[in-house]
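Participant: I'd like to ask some things about the structure below.
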Amino acid sequence: MTTVAIQSIQDASGQRCYRAVAGDKQSIGKTAGQALDGLTTQLDETEFNGVLVLQSFRPDQFFGAEQQKRLSELMELWRKARDEEKLFPKELQAELDSLVEAELNATAKRAKFLMQQQSE
């Protein structure tokens, strides 16, 4: 199954738009749906079938506001280091990795919770 990531980004004029990415293919749209539609037209039928889970990216019981804030701060620092071709400090990278793992675990817990809600 192909993994698709949809990210909220800003275009050149500063407007919010969305990028859908699957491997080396990507599409940008004004909405997450437009980006996904554009991407699926690039994928073979066998490459894209599965479950789509959309997250509002608001704090919840699985990944809180403080965690989201710190993850955003660290990602901004990481991008700056990358763009300036500087090394990202190991201690910050470890913290970033830990938060990314926590967010991934939260996604799994959120999906499990949603599945349990559906079966009730």
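Residue numbering restarts at 1 in every chain; chains get A, B, ... in the order shown in the structure tokens, and ligands count up from 1 in that same order.
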Tell me which protein, DNA and RNA residues are within 10 Å of stretch 11-27 of chain A, counting only C-alpha atoms, leaving out same-chain ones fewer than 3 positions away, and put them as a list in words.

Facilitator: Thr2, Thr3, Val4, Ala5, Ile6, Gln7, Ser8, Lys30, Thr31, Ala32, Gly33, Gln34, Ala35, Leu36, Asp37, Gly38, Leu39, Thr40, Thr41, Gln42, Leu43, Glu47 and Phe48 of chain A

Participant: How would the residues just chosen look if you wrote them out with N, CA and C atoms as a CSV table (one decimal), in the first residue's frame?

Facilitator:
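Below is the file that was written, again.csv:
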```csv
chain,number,residue,atom,x,y,z
A,2,THR,N,0.6,2.2,-0.8
A,2,THR,CA,1.3,3.5,-0.9
A,2,THR,C,0.9,4.4,0.3
A,3,THR,N,1.9,5.0,0.9
A,3,THR,CA,1.6,6.0,1.9
A,3,THR,C,1.5,7.4,1.3
A,4,VAL,N,0.5,8.1,1.7
A,4,VAL,CA,0.3,9.5,1.2
A,4,VAL,C,0.3,10.4,2.4
A,5,ALA,N,1.1,11.4,2.3
A,5,ALA,CA,1.2,12.5,3.3
A,5,ALA,C,0.6,13.8,2.7
A,6,ILE,N,-0.2,14.4,3.5
A,6,ILE,CA,-0.8,15.7,3.0
A,6,ILE,C,-0.4,16.8,4.0
A,7,GLN,N,0.3,17.8,3.5
A,7,GLN,CA,0.9,18.8,4.4
A,7,GLN,C,0.2,20.2,4.1
A,8,SER,N,0.0,21.0,5.1
A,8,SER,CA,-0.4,22.3,4.9
A,8,SER,C,0.8,23.2,4.7
A,30,LYS,N,-5.6,23.9,-3.5
A,30,LYS,CA,-6.1,24.9,-2.6
A,30,LYS,C,-6.7,24.2,-1.3
A,31,THR,N,-7.1,22.9,-1.5
A,31,THR,CA,-7.6,22.2,-0.3
A,31,THR,C,-6.9,20.8,-0.3
A,32,ALA,N,-7.0,20.2,0.8
A,32,ALA,CA,-6.4,18.9,1.0
A,32,ALA,C,-7.0,17.9,0.0
A,33,GLY,N,-8.3,18.0,-0.3
A,33,GLY,CA,-8.9,17.2,-1.3
A,33,GLY,C,-8.4,17.4,-2.7
A,34,GLN,N,-8.2,18.6,-3.1
A,34,GLN,CA,-7.7,18.9,-4.4
A,34,GLN,C,-6.3,18.4,-4.5
A,35,ALA,N,-5.4,18.5,-3.5
A,35,ALA,CA,-4.1,18.0,-3.6
A,35,ALA,C,-4.1,16.4,-3.7
A,36,LEU,N,-5.0,15.8,-2.9
A,36,LEU,CA,-5.1,14.3,-3.0
A,36,LEU,C,-5.6,13.9,-4.4
A,37,ASP,N,-6.6,14.6,-4.9
A,37,ASP,CA,-7.2,14.2,-6.2
A,37,ASP,C,-6.1,14.3,-7.3
A,38,GLY,N,-5.3,15.4,-7.2
A,38,GLY,CA,-4.2,15.6,-8.2
A,38,GLY,C,-3.2,14.5,-8.1
A,39,LEU,N,-2.9,14.1,-6.9
A,39,LEU,CA,-1.9,13.0,-6.7
A,39,LEU,C,-2.5,11.6,-7.2
A,40,THR,N,-3.7,11.3,-6.9
A,40,THR,CA,-4.2,10.0,-7.3
A,40,THR,C,-4.3,9.9,-8.8
A,41,THR,N,-4.4,11.0,-9.5
A,41,THR,CA,-4.4,10.8,-11.0
A,41,THR,C,-3.0,10.4,-11.5
A,42,GLN,N,-2.0,10.6,-10.7
A,42,GLN,CA,-0.6,10.2,-11.0
A,42,GLN,C,-0.3,8.8,-10.6
A,43,LEU,N,-1.1,8.2,-9.8
A,43,LEU,CA,-0.8,6.9,-9.3
A,43,LEU,C,-1.6,5.8,-10.1
A,47,GLU,N,-1.4,1.2,-7.1
A,47,GLU,CA,-0.6,1.9,-6.1
A,47,GLU,C,-1.5,2.6,-5.0
A,48,PHE,N,-2.7,2.9,-5.3
A,48,PHE,CA,-3.5,3.6,-4.3
A,48,PHE,C,-4.8,3.0,-4.1
```

Participant: Once DSSP has gone over the backbone, tell me which residues of chain A are in alpha helix (DSSP H), as a PyMOL selection string.

Facilitator: chain A and resi 32-40+65-83+90-119

Participant: Distance atom CA of A:Leu74-atom CA of A:Glu91, one decimal place?

Facilitator: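 Taking atom CA of A:Leu74 as the start and atom CA of A:Glu91 as the end point, the length is 11.0 Å.
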
Participant: Show me, as a PyMOL selection string, the residues that have an atom within 8 Å of A:Thr107 when counting only C-alpha atoms, minus same-chain residues fewer than 4 positions from it.

Facilitator: chain A and resi 62+103+111
